[in-house]
Amino acid sequence: MSLLNGRRSFVKYLLYALLECYWTTVSAQLSYSVSEEVNPGTSVGNIAKDLNLNVQDLETRMFQIVTGSKRKYFEVNLKTGFLYVNERIDREELCAKATTCTMNVEAVINDPLKLYRVEINILDVNDNYPSFSTKSQGIDIVETTLPPGSIFPVLSAYDADVGRNGISTYKIIPNEYFSLAVHKGESVSAELVLQKALDREKQPVIKLTLTAVDGGTPPKTGTSEIIINILDINDNIPVFSKSLYKTSITENVPLGTTVLTVTATDADEGTNGEISYSLSSKDQDHILEIFHIDQENGVLTVKGKIDFEEHQAFEIRVQASDRGQPPMAAQCKVLVEVVDLNDNVPEITMTSLRNTVKEDVKLGTAIALVSVLDKDGGKNGEVKCEVINDVPFKLETNYKNYYSLVVDGLLDRERVSQYNVTIIAKDEGTPTLSSTTFTTVHISDVNDNAPMFPEPLIDVYVKENNPVGTFLKTVSADDADVRENGLVSYSFIDSNSNSVPLSTMVNINSETGDIISLQSFNYEELKTFQFKVQATDSGVPPLSSNVTVNVFILDENDNSPGILAPYSDHGSVNSENIPYSAEAGYFVAKIRAVDADSGYNALLSYHISEPKGNNLFRIGTSSGEIRTKRRMSDNDLKTHPVVVLVSDNGEPSLSATVSIDVVVVESTGDIQTQFRHVPVKEENFSDLNLYLLISIVSVSVIFLLSFISLIAVKCHRTDSSFSRYSAPMITTHPDGSWSYSKSTQQYDVCFSSDTLKSDVVVFPASFPPVDAELISINEGDTFNRTQTLPTKEKFDTILRSFDE
């Protein structure tokens with residue numbers, strides 16, 4: 001009982017020491033005990049309660065038991081939190097004859113990752129009977145020669161159980177010749193002790209039953225029959241020089257290597273003193289397979305493979321027998337210690353905790369558990385494990401030979417979608433042995449990339465009058481993410497910058513980014529508009545980016561020139577009068593037109609269609625002024641129909657026509673300016689019409705006042721003054737002006753036939769430029785007096801500016 005308590009105290013001390021060593025790397029450590037051969041499902045302990053874990057969290061946090069072997073002896077009930085036996089446990093299979101049998105497993109729980117070391121002590125039960133290798137064993141003893149107290153070794157029994165369940169004692173049936181001496185130490189053995197001299201003539205054969213008893217409750221037994229043959233006298237047995245030989249040998253030595261030489265002597269002479277050596281066959285089957293002894297000289301050699309991982313030491317029983325009749329034998333022990341060599345490479349076992357790793361995972365997150373096993377002992381069994389290639393992962397030590405593979409750097413799936421991690425384990429032996437394992441870590445995508453347009457601004461050009469549904473542009477954005485994180489949809493961003501709602505003008509295909517028109521554009525109404533397109537991925541949360549689209553409407557020649565007043569009456573024929581005496585270049589009329597288009601499409605040119613009569617008139621292609629090309633002749637018609645064609649410069653060119661009947665009158669007095677009033681609907685009377693009306697009335701009043709002023713000047717001149725001048729006369733000029741003059745003084749009154757814009761100018765005509773009085777009426781123009789006209793060219797320039 002005291003021995004058992006001492007062992008328990010030692011185990012507890014060992015556990016406390018291990019906990020102190022690994023406290024910084026292991027979250028918690030538990031110790032349980034369970035007997036071998038219990039039924040599967042037997043509860044070991046409430047591990048959830050002992051670890052202070054919530055039973056409801058076990059399943060969601062993927063609580064599991066990880067072992068280093070292929071067989072899973074223990075499992076956890078995730079509903080109750082109890083650790084239970086999953087498979088049959090045979091202590092003898094797991095630990096053979098070891099004093100203590102302990103299994104170490106790891107309890108792993110995620111979110112966050114915690115590791116708990118669980119030590120389970122497998123308790124031995126008395127489930128094995130002691131057994132002998134043979135049912136009977138024989139001993140030859142010479143009569144009379146051996147004194148009482150002589151010892152004869154007997155075959156030991158084997159019990160697979162350990163501790164108190166192992167062999168406890170041996171028994172024989174009491175008899176007069178022999179007693180049994182039991183020796184207890186690391187192992188229990190027995191010897192027959194001779195109580196009195198043997199007499200072959202009384203009893204040549206003695207049979208005894210040897211019973212091996214274990215310490216279990218109830219105890220189990222095994223028997224073997226001892227047959228003692230009483231031989232005739234050979235009264236000296238061989239004696240070894242040592243009762244115990246000790247030596248060491250390196251594992252994996254070549255076959256035939258000498259271990260040592262044993263020596264024995266026999267005091268007898270002749271054949272009774274000749275000694276032969278052999279290895280005892282009792283309970284030494286594995287010894288006979290590995291070692292050989294020379295019968296003559298006692299040299300012990302190696303004949304089989306010596307492996308430290310299988311046997312750390314050998315206890316060899318060598319027997320020396322003489323050649324007497326009957327022969328006598330003695331035994332000695334040879335203890336051979338096996339020296340370990342570094343002949344086993346480390347074995348790496350990896351358990352993955354995640355199928356894939358998200359690219360935004362936190363540093364230090366564990367993705368796999370790594371365990372290393374080296375069967376060698378001492379330095380040869382000490383292992384270091386590390387990641388050898390350049391990857392954002394590293395190994396962190398949990399406790400001896402147990403590691404976690406954790407994230408050690410930033411991950412970017414768009415740059416590297418998977419990593420091949422190489423892990424190497426090296427022992428401390430000489431030479432160093434190592435093993436390598438490979439694992440692939442797949443990186444899963446997160447939505448960390450917004451869709452990107454190739455450029456921030458896109459210009460789109462479309463011709464006006466386009467059909468509804470015209471394809472304008474395809475916008476496309478690239479997203480480096482995959483699957484739903486890279487699935488891009490397109491939409492418009494609401495904006496108030498356009499006068500017309502964007503939804504009525506264009507539409508975008510949310511999947512392809514195709515932009516089409518929803519209406520036909522008119523350049524004269526809308527020249528450009530702008531909107532923004534947003535590309536949004538399908539990730540959570542979604543990411544987006546924008547691009548600005550400028551749409552420019554291109555002008556087409558879709559508007560014909562429009563004739564301005566006073567010749568704008570559609571279908572009407574206009575008339576203008578010119579004097580018969582008109583010179584070449586005489587101003588007849590000016591055609592004004594506008595075009596709603598722009599650019600070349602609005603660049604107008606004026607042409608006269610082929611006249612029916614003589615070619616009497618010409619027109620300025622850019623100004624639209626109609627003038628005479630020559631003087632009148634008697635053959636010319638009195639009325640000349642002129643058709644003016646106004647054409648734009650578009651492709652194809654559009655045009656408009658206006659008809660004017662030019663009437664030739666005999667004298668300037670017959671010329672009457674016809675003021676044409678543009679038909680205006682009462683409801684459309686505008687400011688422009690009012691200005692035109694005021695201008696016409698003003699011109700008429702000024703003309704009348706000017707004429708009265710000329711007559712007053714004539715009436716108040718003296719006779720001498722009149723005598724210096726010629727008779728007054730009125731002259732009509734080619735440019736359409738009237739002249740009132742004497743011999744040295746002449747006043748020109750200019751009146752334009754353009755009723756929309758009338759000019760009256762009074763100035764000295766025949767003298768060099770002098771100060772004069774200029775009165776100009778041009779729509780909203782004010783009266784300007786005392787204007788100086790230095791040259792005729794400048795005056796013509798002023799006239800042209802009035803015409804324009």
# chains A, B, ... in the order shown; residues from 1 in each chain; ligands from 1

$ residues_around --residues "region 483-486 of chain A" --least-positions-apart "6" --cutoff "6 Å" --atoms "only C-alpha atoms" --output "PyMOL selection string"
chain A and resi 447+537-539

$ select_by_dssp --residues "region 142-283 of chain A" --states "strand (DSSP E or B)" --output "ChimeraX atom specification"
/A:142,151-153,158,167-172,178-184,188-194,205-214,221-231,239-240,244-250,258-261,264-265,275-279

$ residues_around --residues "Thr247 (chain A)" --least-positions-apart "6" --cutoff "7 Å" --atoms "only C-alpha atoms" --output "PyMOL selection string"
chain A and resi 335-337

$ write_last_selection --atoms "C-alpha atoms" --output "JSON list (two decimals), in the first residue's frame"
[["chain", "number", "residue", "atom", "x", "y", "z"],
["A", 335, "LEU", "CA", 22.85, -7.58, -18.77],
["A", 336, "VAL", "CA", 23.37, -5.93, -22.15],
["A", 337, "GLU", "CA", 22.46, -2.23, -22.43]]

$ residues_around --residues "region 251-265 of chain A" --least-positions-apart "3" --cutoff "10 Å" --atoms "only C-alpha atoms" --output "PyMOL selection string"
chain A and resi 236-248+268+273-277+290-294+297-309+311-312+318-322+330-334+336-343

$ select_by_dssp --residues "region 47-274 of chain A" --states "alpha helix (DSSP H)" --output "PyMOL selection string"
chain A and resi 47-50+57-60+91-95

$ write_last_selection --atoms "N, CA, C and O atoms" --output "mmCIF file, in the first residue's frame"
data_model
loop_
_atom_site.group_PDB
_atom_site.id
_atom_site.type_symbol
_atom_site.label_atom_id
_atom_site.label_comp_id
_atom_site.auth_asym_id
_atom_site.auth_seq_id
_atom_site.Cartn_x
_atom_site.Cartn_y
_atom_site.Cartn_z
ATOM 1 N N ILE A 47 -15.628 16.869 -19.154
ATOM 2 C CA ILE A 47 -14.516 17.738 -19.580
ATOM 3 C C ILE A 47 -14.966 19.186 -19.783
ATOM 4 O O ILE A 47 -14.219 20.117 -19.540
ATOM 5 N N ALA A 48 -16.227 19.365 -20.202
ATOM 6 C CA ALA A 48 -16.718 20.746 -20.401
ATOM 7 C C ALA A 48 -16.778 21.478 -19.073
ATOM 8 O O ALA A 48 -16.370 22.645 -18.954
ATOM 9 N N LYS A 49 -17.261 20.795 -18.045
ATOM 10 C CA LYS A 49 -17.344 21.424 -16.722
ATOM 11 C C LYS A 49 -15.952 21.677 -16.174
ATOM 12 O O LYS A 49 -15.680 22.738 -15.605
ATOM 13 N N ASP A 50 -15.059 20.698 -16.350
ATOM 14 C CA ASP A 50 -13.705 20.857 -15.801
ATOM 15 C C ASP A 50 -12.936 21.967 -16.499
ATOM 16 O O ASP A 50 -12.026 22.555 -15.912
ATOM 17 N N ASP A 57 -21.913 25.815 -26.303
ATOM 18 C CA ASP A 57 -20.943 26.345 -27.262
ATOM 19 C C ASP A 57 -20.073 25.275 -27.882
ATOM 20 O O ASP A 57 -19.296 25.553 -28.797
ATOM 21 N N LEU A 58 -20.149 24.030 -27.355
ATOM 22 C CA LEU A 58 -19.208 23.012 -27.822
ATOM 23 C C LEU A 58 -19.362 22.729 -29.299
ATOM 24 O O LEU A 58 -18.383 22.630 -30.045
ATOM 25 N N GLU A 59 -20.600 22.604 -29.760
ATOM 26 C CA GLU A 59 -20.821 22.237 -31.165
ATOM 27 C C GLU A 59 -20.504 23.396 -32.094
ATOM 28 O O GLU A 59 -19.869 23.218 -33.120
ATOM 29 N N THR A 60 -20.960 24.597 -31.737
ATOM 30 C CA THR A 60 -20.723 25.755 -32.621
ATOM 31 C C THR A 60 -19.246 26.123 -32.686
ATOM 32 O O THR A 60 -18.768 26.606 -33.703
ATOM 33 N N ARG A 91 -4.626 -2.109 -22.153
ATOM 34 C CA ARG A 91 -3.432 -1.477 -21.597
ATOM 35 C C ARG A 91 -2.167 -2.225 -22.016
ATOM 36 O O ARG A 91 -1.124 -1.617 -22.287
ATOM 37 N N GLU A 92 -2.237 -3.541 -22.057
ATOM 38 C CA GLU A 92 -1.057 -4.313 -22.403
ATOM 39 C C GLU A 92 -0.641 -4.049 -23.846
ATOM 40 O O GLU A 92 0.546 -4.113 -24.184
ATOM 41 N N GLU A 93 -1.616 -3.796 -24.701
ATOM 42 C CA GLU A 93 -1.298 -3.490 -26.101
ATOM 43 C C GLU A 93 -0.666 -2.106 -26.228
ATOM 44 O O GLU A 93 0.225 -1.897 -27.042
ATOM 45 N N LEU A 94 -1.130 -1.174 -25.401
ATOM 46 C CA LEU A 94 -0.639 0.195 -25.496
ATOM 47 C C LEU A 94 0.714 0.371 -24.827
ATOM 48 O O LEU A 94 1.618 1.022 -25.371
ATOM 49 N N CYS A 95 0.860 -0.201 -23.621
ATOM 50 C CA CYS A 95 2.037 0.131 -22.822
ATOM 51 C C CYS A 95 2.858 -1.085 -22.417
ATOM 52 O O CYS A 95 3.842 -0.936 -21.664
#

$ residues_around --residues "Phe393 (chain A)" --least-positions-apart "5" --cutoff "12 Å" --atoms "only C-alpha atoms" --output "JSON, numbers by chain"
{"A": [357, 361, 362, 363, 364, 365, 366, 367, 368, 386, 387, 388, 404, 405, 406, 407, 408, 409, 410, 411, 419, 420, 421, 422, 423, 439, 440, 441]}

$ write_last_selection --atoms "N, CA, C and O atoms" --output "mmCIF file, in the first residue's frame"
data_model
loop_
_atom_site.group_PDB
_atom_site.id
_atom_site.type_symbol
_atom_site.label_atom_id
_atom_site.label_comp_id
_atom_site.auth_asym_id
_atom_site.auth_seq_id
_atom_site.Cartn_x
_atom_site.Cartn_y
_atom_site.Cartn_z
ATOM 1 N N VAL A 357 -8.676 29.737 -45.759
ATOM 2 C CA VAL A 357 -8.346 30.849 -44.872
ATOM 3 C C VAL A 357 -8.736 32.142 -45.581
ATOM 4 O O VAL A 357 -8.333 32.377 -46.731
ATOM 5 N N VAL A 361 -7.908 37.471 -42.599
ATOM 6 C CA VAL A 361 -7.799 36.825 -41.295
ATOM 7 C C VAL A 361 -6.771 37.563 -40.439
ATOM 8 O O VAL A 361 -5.798 38.139 -40.943
ATOM 9 N N LYS A 362 -6.980 37.549 -39.133
ATOM 10 C CA LYS A 362 -6.084 38.257 -38.224
ATOM 11 C C LYS A 362 -4.763 37.500 -38.088
ATOM 12 O O LYS A 362 -4.710 36.285 -38.205
ATOM 13 N N LEU A 363 -3.703 38.276 -37.814
ATOM 14 C CA LEU A 363 -2.408 37.668 -37.567
ATOM 15 C C LEU A 363 -2.497 36.811 -36.306
ATOM 16 O O LEU A 363 -3.142 37.173 -35.323
ATOM 17 N N GLY A 364 -1.821 35.670 -36.335
ATOM 18 C CA GLY A 364 -1.821 34.777 -35.191
ATOM 19 C C GLY A 364 -2.926 33.741 -35.200
ATOM 20 O O GLY A 364 -2.985 32.897 -34.311
ATOM 21 N N THR A 365 -3.810 33.787 -36.213
ATOM 22 C CA THR A 365 -4.891 32.807 -36.290
ATOM 23 C C THR A 365 -4.321 31.424 -36.624
ATOM 24 O O THR A 365 -3.547 31.269 -37.567
ATOM 25 N N ALA A 366 -4.701 30.414 -35.861
ATOM 26 C CA ALA A 366 -4.221 29.045 -36.091
ATOM 27 C C ALA A 366 -5.036 28.401 -37.205
ATOM 28 O O ALA A 366 -6.261 28.501 -37.238
ATOM 29 N N ILE A 367 -4.349 27.752 -38.136
ATOM 30 C CA ILE A 367 -5.026 27.096 -39.250
ATOM 31 C C ILE A 367 -4.782 25.588 -39.249
ATOM 32 O O ILE A 367 -5.468 24.861 -39.964
ATOM 33 N N ALA A 368 -3.812 25.109 -38.474
ATOM 34 C CA ALA A 368 -3.550 23.668 -38.433
ATOM 35 C C ALA A 368 -2.756 23.350 -37.168
ATOM 36 O O ALA A 368 -2.082 24.216 -36.596
ATOM 37 N N GLU A 386 9.951 23.660 -38.045
ATOM 38 C CA GLU A 386 9.812 25.019 -38.555
ATOM 39 C C GLU A 386 9.329 25.000 -39.998
ATOM 40 O O GLU A 386 9.398 23.978 -40.686
ATOM 41 N N VAL A 387 8.826 26.184 -40.426
ATOM 42 C CA VAL A 387 8.435 26.393 -41.832
ATOM 43 C C VAL A 387 9.646 26.930 -42.563
ATOM 44 O O VAL A 387 10.254 27.922 -42.126
ATOM 45 N N ILE A 388 10.027 26.297 -43.666
ATOM 46 C CA ILE A 388 11.296 26.655 -44.310
ATOM 47 C C ILE A 388 11.134 27.517 -45.553
ATOM 48 O O ILE A 388 12.100 28.123 -45.997
ATOM 49 N N SER A 404 1.333 24.858 -33.458
ATOM 50 C CA SER A 404 0.208 25.421 -34.214
ATOM 51 C C SER A 404 0.767 26.171 -35.412
ATOM 52 O O SER A 404 1.714 26.965 -35.269
ATOM 53 N N LEU A 405 0.195 25.903 -36.583
ATOM 54 C CA LEU A 405 0.551 26.660 -37.780
ATOM 55 C C LEU A 405 -0.348 27.898 -37.822
ATOM 56 O O LEU A 405 -1.569 27.777 -37.936
ATOM 57 N N VAL A 406 0.253 29.090 -37.677
ATOM 58 C CA VAL A 406 -0.525 30.321 -37.539
ATOM 59 C C VAL A 406 -0.163 31.288 -38.655
ATOM 60 O O VAL A 406 0.894 31.181 -39.294
ATOM 61 N N VAL A 407 -1.058 32.255 -38.878
ATOM 62 C CA VAL A 407 -0.848 33.289 -39.901
ATOM 63 C C VAL A 407 0.160 34.293 -39.365
ATOM 64 O O VAL A 407 0.022 34.813 -38.250
ATOM 65 N N ASP A 408 1.187 34.591 -40.187
ATOM 66 C CA ASP A 408 2.264 35.480 -39.744
ATOM 67 C C ASP A 408 2.435 36.683 -40.657
ATOM 68 O O ASP A 408 3.403 37.434 -40.516
ATOM 69 N N GLY A 409 1.549 36.885 -41.585
ATOM 70 C CA GLY A 409 1.664 38.019 -42.499
ATOM 71 C C GLY A 409 0.327 38.303 -43.152
ATOM 72 O O GLY A 409 -0.631 37.529 -43.038
ATOM 73 N N LEU A 410 0.274 39.448 -43.831
ATOM 74 C CA LEU A 410 -0.956 39.840 -44.507
ATOM 75 C C LEU A 410 -1.183 38.950 -45.721
ATOM 76 O O LEU A 410 -0.245 38.644 -46.469
ATOM 77 N N LEU A 411 -2.435 38.560 -45.920
ATOM 78 C CA LEU A 411 -2.807 37.719 -47.058
ATOM 79 C C LEU A 411 -3.561 38.551 -48.079
ATOM 80 O O LEU A 411 -4.353 39.429 -47.722
ATOM 81 N N TYR A 419 -1.030 28.919 -50.975
ATOM 82 C CA TYR A 419 0.358 28.794 -50.553
ATOM 83 C C TYR A 419 0.679 27.322 -50.331
ATOM 84 O O TYR A 419 -0.117 26.580 -49.741
ATOM 85 N N ASN A 420 1.841 26.918 -50.811
ATOM 86 C CA ASN A 420 2.365 25.590 -50.523
ATOM 87 C C ASN A 420 3.353 25.730 -49.373
ATOM 88 O O ASN A 420 4.444 26.285 -49.533
ATOM 89 N N VAL A 421 2.943 25.250 -48.205
ATOM 90 C CA VAL A 421 3.744 25.413 -46.994
ATOM 91 C C VAL A 421 4.588 24.154 -46.792
ATOM 92 O O VAL A 421 4.063 23.030 -46.821
ATOM 93 N N THR A 422 5.887 24.358 -46.622
ATOM 94 C CA THR A 422 6.819 23.250 -46.397
ATOM 95 C C THR A 422 7.282 23.290 -44.946
ATOM 96 O O THR A 422 7.842 24.294 -44.497
ATOM 97 N N ILE A 423 7.034 22.205 -44.225
ATOM 98 C CA ILE A 423 7.416 22.101 -42.813
ATOM 99 C C ILE A 423 8.477 21.024 -42.692
ATOM 100 O O ILE A 423 8.319 19.914 -43.218
ATOM 101 N N THR A 439 1.882 21.043 -47.199
ATOM 102 C CA THR A 439 0.432 21.278 -47.122
ATOM 103 C C THR A 439 0.100 22.508 -47.948
ATOM 104 O O THR A 439 0.914 23.428 -48.073
ATOM 105 N N THR A 440 -1.081 22.504 -48.514
ATOM 106 C CA THR A 440 -1.539 23.627 -49.335
ATOM 107 C C THR A 440 -2.607 24.393 -48.573
ATOM 108 O O THR A 440 -3.591 23.811 -48.118
ATOM 109 N N VAL A 441 -2.384 25.692 -48.435
ATOM 110 C CA VAL A 441 -3.336 26.572 -47.757
ATOM 111 C C VAL A 441 -4.045 27.395 -48.831
ATOM 112 O O VAL A 441 -3.409 28.160 -49.556
#

$ residues_around --residues "Gly215 (chain A)" --least-positions-apart "2" --cutoff "10 Å" --atoms "only C-alpha atoms" --output "MDAnalysis selection string"
chainID A and resid 126 161:169 213 217:221

$ atom_distance --atom1 "CA of Lys400 (chain A)" --atom2 "CA of Leu433 (chain A)"
18.1 Å

$ atom_distance --atom1 "CA of Val699 (chain A)" --atom2 "CA of Tyr586 (chain A)"
21.7 Å

$ residues_around --residues "Gly620 (chain A)" --least-positions-apart "2" --cutoff "10 Å" --atoms "only C-alpha atoms" --output "VMD selection string"
chain A and resid 590 to 591 605 to 608 618 622 to 627

$ write_last_selection --atoms "N, CA, C and O atoms" --output "PDB file, in the first residue's frame"
ATOM      1  N   LYS A 590     -31.984  93.789 -99.767  1.00  0.00           N
ATOM      2  CA  LYS A 590     -31.096  92.916 -99.005  1.00  0.00           C
ATOM      3  C   LYS A 590     -31.914  91.787 -98.371  1.00  0.00           C
ATOM      4  O   LYS A 590     -32.877  92.045 -97.668  1.00  0.00           O
ATOM      5  N   ILE A 591     -31.483  90.556 -98.672  1.00  0.00           N
ATOM      6  CA  ILE A 591     -32.170  89.376 -98.142  1.00  0.00           C
ATOM      7  C   ILE A 591     -31.428  88.926 -96.866  1.00  0.00           C
ATOM      8  O   ILE A 591     -30.211  88.760 -96.866  1.00  0.00           O
ATOM      9  N   SER A 605     -25.329  80.875 -97.999  1.00  0.00           N
ATOM     10  CA  SER A 605     -24.903  81.570 -99.231  1.00  0.00           C
ATOM     11  C   SER A 605     -26.156  81.921-100.052  1.00  0.00           C
ATOM     12  O   SER A 605     -27.162  81.204-100.002  1.00  0.00           O
ATOM     13  N   TYR A 606     -26.086  83.029-100.771  1.00  0.00           N
ATOM     14  CA  TYR A 606     -27.222  83.586-101.515  1.00  0.00           C
ATOM     15  C   TYR A 606     -26.924  83.509-103.006  1.00  0.00           C
ATOM     16  O   TYR A 606     -25.825  83.855-103.460  1.00  0.00           O
ATOM     17  N   HIS A 607     -27.938  83.060-103.770  1.00  0.00           N
ATOM     18  CA  HIS A 607     -27.789  82.942-105.221  1.00  0.00           C
ATOM     19  C   HIS A 607     -29.119  83.326-105.873  1.00  0.00           C
ATOM     20  O   HIS A 607     -30.190  83.097-105.283  1.00  0.00           O
ATOM     21  N   ILE A 608     -29.005  83.871-107.074  1.00  0.00           N
ATOM     22  CA  ILE A 608     -30.197  84.202-107.867  1.00  0.00           C
ATOM     23  C   ILE A 608     -30.429  83.074-108.845  1.00  0.00           C
ATOM     24  O   ILE A 608     -29.523  82.691-109.588  1.00  0.00           O
ATOM     25  N   ARG A 618     -27.476  91.037-109.705  1.00  0.00           N
ATOM     26  CA  ARG A 618     -26.529  90.147-109.023  1.00  0.00           C
ATOM     27  C   ARG A 618     -26.780  90.246-107.514  1.00  0.00           C
ATOM     28  O   ARG A 618     -27.394  91.206-107.054  1.00  0.00           O
ATOM     29  N   SER A 622     -22.566  86.231 -99.761  1.00  0.00           N
ATOM     30  CA  SER A 622     -22.500  86.166 -98.294  1.00  0.00           C
ATOM     31  C   SER A 622     -23.334  87.257 -97.629  1.00  0.00           C
ATOM     32  O   SER A 622     -23.826  87.062 -96.529  1.00  0.00           O
ATOM     33  N   SER A 623     -23.514  88.403 -98.350  1.00  0.00           N
ATOM     34  CA  SER A 623     -24.254  89.505 -97.713  1.00  0.00           C
ATOM     35  C   SER A 623     -25.735  89.471 -98.029  1.00  0.00           C
ATOM     36  O   SER A 623     -26.546  90.007 -97.279  1.00  0.00           O
ATOM     37  N   GLY A 624     -26.127  88.842 -99.182  1.00  0.00           N
ATOM     38  CA  GLY A 624     -27.531  88.819 -99.586  1.00  0.00           C
ATOM     39  C   GLY A 624     -28.016  90.128-100.194  1.00  0.00           C
ATOM     40  O   GLY A 624     -29.224  90.306-100.349  1.00  0.00           O
ATOM     41  N   GLU A 625     -27.118  91.058-100.571  1.00  0.00           N
ATOM     42  CA  GLU A 625     -27.510  92.339-101.170  1.00  0.00           C
ATOM     43  C   GLU A 625     -27.719  92.156-102.668  1.00  0.00           C
ATOM     44  O   GLU A 625     -26.849  91.629-103.371  1.00  0.00           O
ATOM     45  N   ILE A 626     -28.888  92.588-103.118  1.00  0.00           N
ATOM     46  CA  ILE A 626     -29.209  92.529-104.555  1.00  0.00           C
ATOM     47  C   ILE A 626     -28.900  93.903-105.160  1.00  0.00           C
ATOM     48  O   ILE A 626     -29.398  94.936-104.680  1.00  0.00           O
ATOM     49  N   ARG A 627     -28.078  93.903-106.217  1.00  0.00           N
ATOM     50  CA  ARG A 627     -27.704  95.140-106.924  1.00  0.00           C
ATOM     51  C   ARG A 627     -27.816  94.907-108.426  1.00  0.00           C
ATOM     52  O   ARG A 627     -27.836  93.775-108.902  1.00  0.00           O
TER      53      ARG A 627
END

$ atom_distance --atom1 "CA of Asn234 (chain A)" --atom2 "CA of Gln284 (chain A)"
27.9 Å
